[in-house]
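Trainee: To start, I am sharing the structure in question, which I have written as structure tokens.
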Amino acid sequence: MSEFVLRAVGLEKAFSQGPDSVTVLTGVELSVARGERVAVIGRSGSGKSTLLHLLGGLDEPDAGEVWVGSESITAASPAQRAMLRNRHMGFVYQLHHLLPEFSALENVAMPLRLGGVSSKAASEQAREMLAAVGLEPRLRHRPAALSGGERQRVAVARALVGNPLVVLADEPTGNLDSDNARSVFDLMCRLSDERGISFVIVTHDDSMLDSMHRVVSLVDGKIR
């Protein structure tokens with residue numbers, strides 16, 4: 001695990017609250033190696049989700065830079081950022097954010113189709129990914145016909161289907177009961193090991209930390 005797939009250098013971020021400016025992140029430095037799983041912990045409001053948004057190019061830092069592989073997502077244009085996210089990054093959130101009118105197969109194939117993959121090839125890769133998360137019998141079901149744990153497994157499959165360099169996960173098990181949470185978390189760890197995909201996971205669940213390679217804390221806007 002020596003090749004860095006994600007690097008943040010000197011990240012700064014502040015938000016305006018009326019006449020005041022609230023500093024959230026101050027000089028954040030973080031490097032993630034290929035295949036490494038990093039947990040980010042900290043109290044509510046410490047900036048964990050803000051950090052993930054900056055790492056994923058979903059928001060811009062006031063200062064600093066983020067690199068995905070050998071490319072700067074911070075310096076990229078909006079169109080280039082979208083391309084970098086589609087090609088190199090996956091995202092899993094507390095709420096699955098599946099499109100309700102599409103089947104599990106169609107939801108998982110969506111990032112590939114947006115990236116220019118043919119319908120047939122995207123469906124084949126999505127089917128393979130759903131089989132990897134144990135949902136091949138449910139691939140034609142829409143989200144409303146799936147359990148909470150199954151929906152989150154579809155979200156994990158969608159994040160991994162393009163074999164990204166890194167997956168950013170924001171409380172990915174926070175909306176599940178303990179059994180489903182453990183199952184989904186173990187699934188992410190297994191697929192990380194099998195596919196060499198890195199994970200940066202924001203979590204409040206201390207029981208998951210033993211499965212991580214590294215745990216970092218956000219305190220007073222800095223990583224410790």
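We name chains A, B, ... following the order of the structure tokens; residues begin at 1 in each chain, and ligands are numbered from 1 as shown.
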Got a sec: who's within 8 Å of A:Gly27, counting only C-alpha atoms, leaving out chain neighbours fewer than 3 positions off, as a PDB file with N, CA and C atoms, in the first residue's frame?

Mentor:
ATOM      1  N   VAL A   9      -3.823  18.401   0.366  1.00  0.00           N
ATOM      2  CA  VAL A   9      -2.686  19.192   0.828  1.00  0.00           C
ATOM      3  C   VAL A   9      -3.180  20.574   1.246  1.00  0.00           C
ATOM      4  N   GLY A  10      -3.036  20.894   2.534  1.00  0.00           N
ATOM      5  CA  GLY A  10      -3.322  22.236   3.026  1.00  0.00           C
ATOM      6  C   GLY A  10      -4.741  22.717   2.843  1.00  0.00           C
ATOM      7  N   LEU A  11      -5.717  21.829   3.019  1.00  0.00           N
ATOM      8  CA  LEU A  11      -7.110  22.222   2.797  1.00  0.00           C
ATOM      9  C   LEU A  11      -7.598  23.190   3.871  1.00  0.00           C
ATOM     10  N   GLU A  12      -8.235  24.266   3.413  1.00  0.00           N
ATOM     11  CA  GLU A  12      -8.850  25.253   4.298  1.00  0.00           C
ATOM     12  C   GLU A  12     -10.293  25.461   3.828  1.00  0.00           C
ATOM     13  N   GLY A  64      -5.654  25.208  -0.650  1.00  0.00           N
ATOM     14  CA  GLY A  64      -5.230  23.811  -0.691  1.00  0.00           C
ATOM     15  C   GLY A  64      -5.636  23.124  -1.974  1.00  0.00           C
ATOM     16  N   GLY A 221     -10.668  21.495  13.372  1.00  0.00           N
ATOM     17  CA  GLY A 221     -10.401  21.735  11.953  1.00  0.00           C
ATOM     18  C   GLY A 221      -9.158  21.070  11.407  1.00  0.00           C
ATOM     19  N   LYS A 222      -8.484  20.269  12.235  1.00  0.00           N
ATOM     20  CA  LYS A 222      -7.249  19.622  11.792  1.00  0.00           C
ATOM     21  C   LYS A 222      -7.333  18.109  12.006  1.00  0.00           C
TER      22      LYS A 222
END

Trainee: Give me the residues within 7 Å of stretch 151-161 of chain A as a list of chain:residue names, counting only C-alpha atoms and dropping any in the same chain fewer than 3 places off.

Mentor: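 The residues satisfying every condition are A:Gly90, A:Phe91, A:Val92, A:His96, A:Leu98, A:Ala104, A:Asn107, A:Val108, A:Gln125, A:Ala126, A:Met129, A:Leu130, A:Val133, A:Pro143, A:Leu146, A:Ser147, A:Gly148, A:Pro164, A:Val167, A:Val184.
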
Trainee: For atom CA of A:Val38 and atom CA of A:His213, determine how far apart the two atoms are, in Å to one decimal place.

Mentor: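 Atom CA of A:Val38 sits 6.1 Å away from atom CA of A:His213.
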
Trainee: Name the closest residue to A:Leu54 among the candidates A:Leu139, A:Leu99, A:Leu6, A:Gly35; distances are taken between atoms, counting only C-alpha atoms.

Mentor: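 Ranking A:Leu139, A:Leu99, A:Leu6, A:Gly35 by distance to A:Leu54, first place goes to A:Leu6.
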
Trainee: As an exercise, work out the distance from atom CA of A:Val68 to atom CA of A:Phe4 in Å and give it to one decimal place.

Mentor: 8.5 Å

Trainee: Apply DSSP to the backbone of this structure and, from stretch 10-207 of chain A, keep only the residues in helix (DSSP H, G or I); write these as a VMD selection string.

Mentor: chain A and resid 48 to 55 78 to 88 104 to 114 119 to 132 136 to 138 143 to 145 148 to 160 178 to 195 206 to 207

Trainee: Can you work out which one of A:Asn163, A:Ser46, A:Ser31, A:Gln80 has the shortest atom-to-atom distance to A:Gly196, counting only C-alpha atoms?

Mentor: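 Ranking A:Asn163, A:Ser46, A:Ser31, A:Gln80 by distance to A:Gly196, first place goes to A:Asn163.
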
Trainee: Please return, as a list in words, all residues of stretch 47-203 of chain A that DSSP assigns to strand (DSSP E) on the basis of the backbone.

Mentor: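 Residues meeting the strand (DSSP E) criterion: Ala63, Gly64, Glu65, Val66, Trp67, Val68, Glu71, Ser72, Met89, Gly90, Phe91, Val92, Tyr93, Val166, Val167, Leu168, Ala169, Asp170, Ser198, Phe199, Val200, Ile201 and Val202 of chain A.
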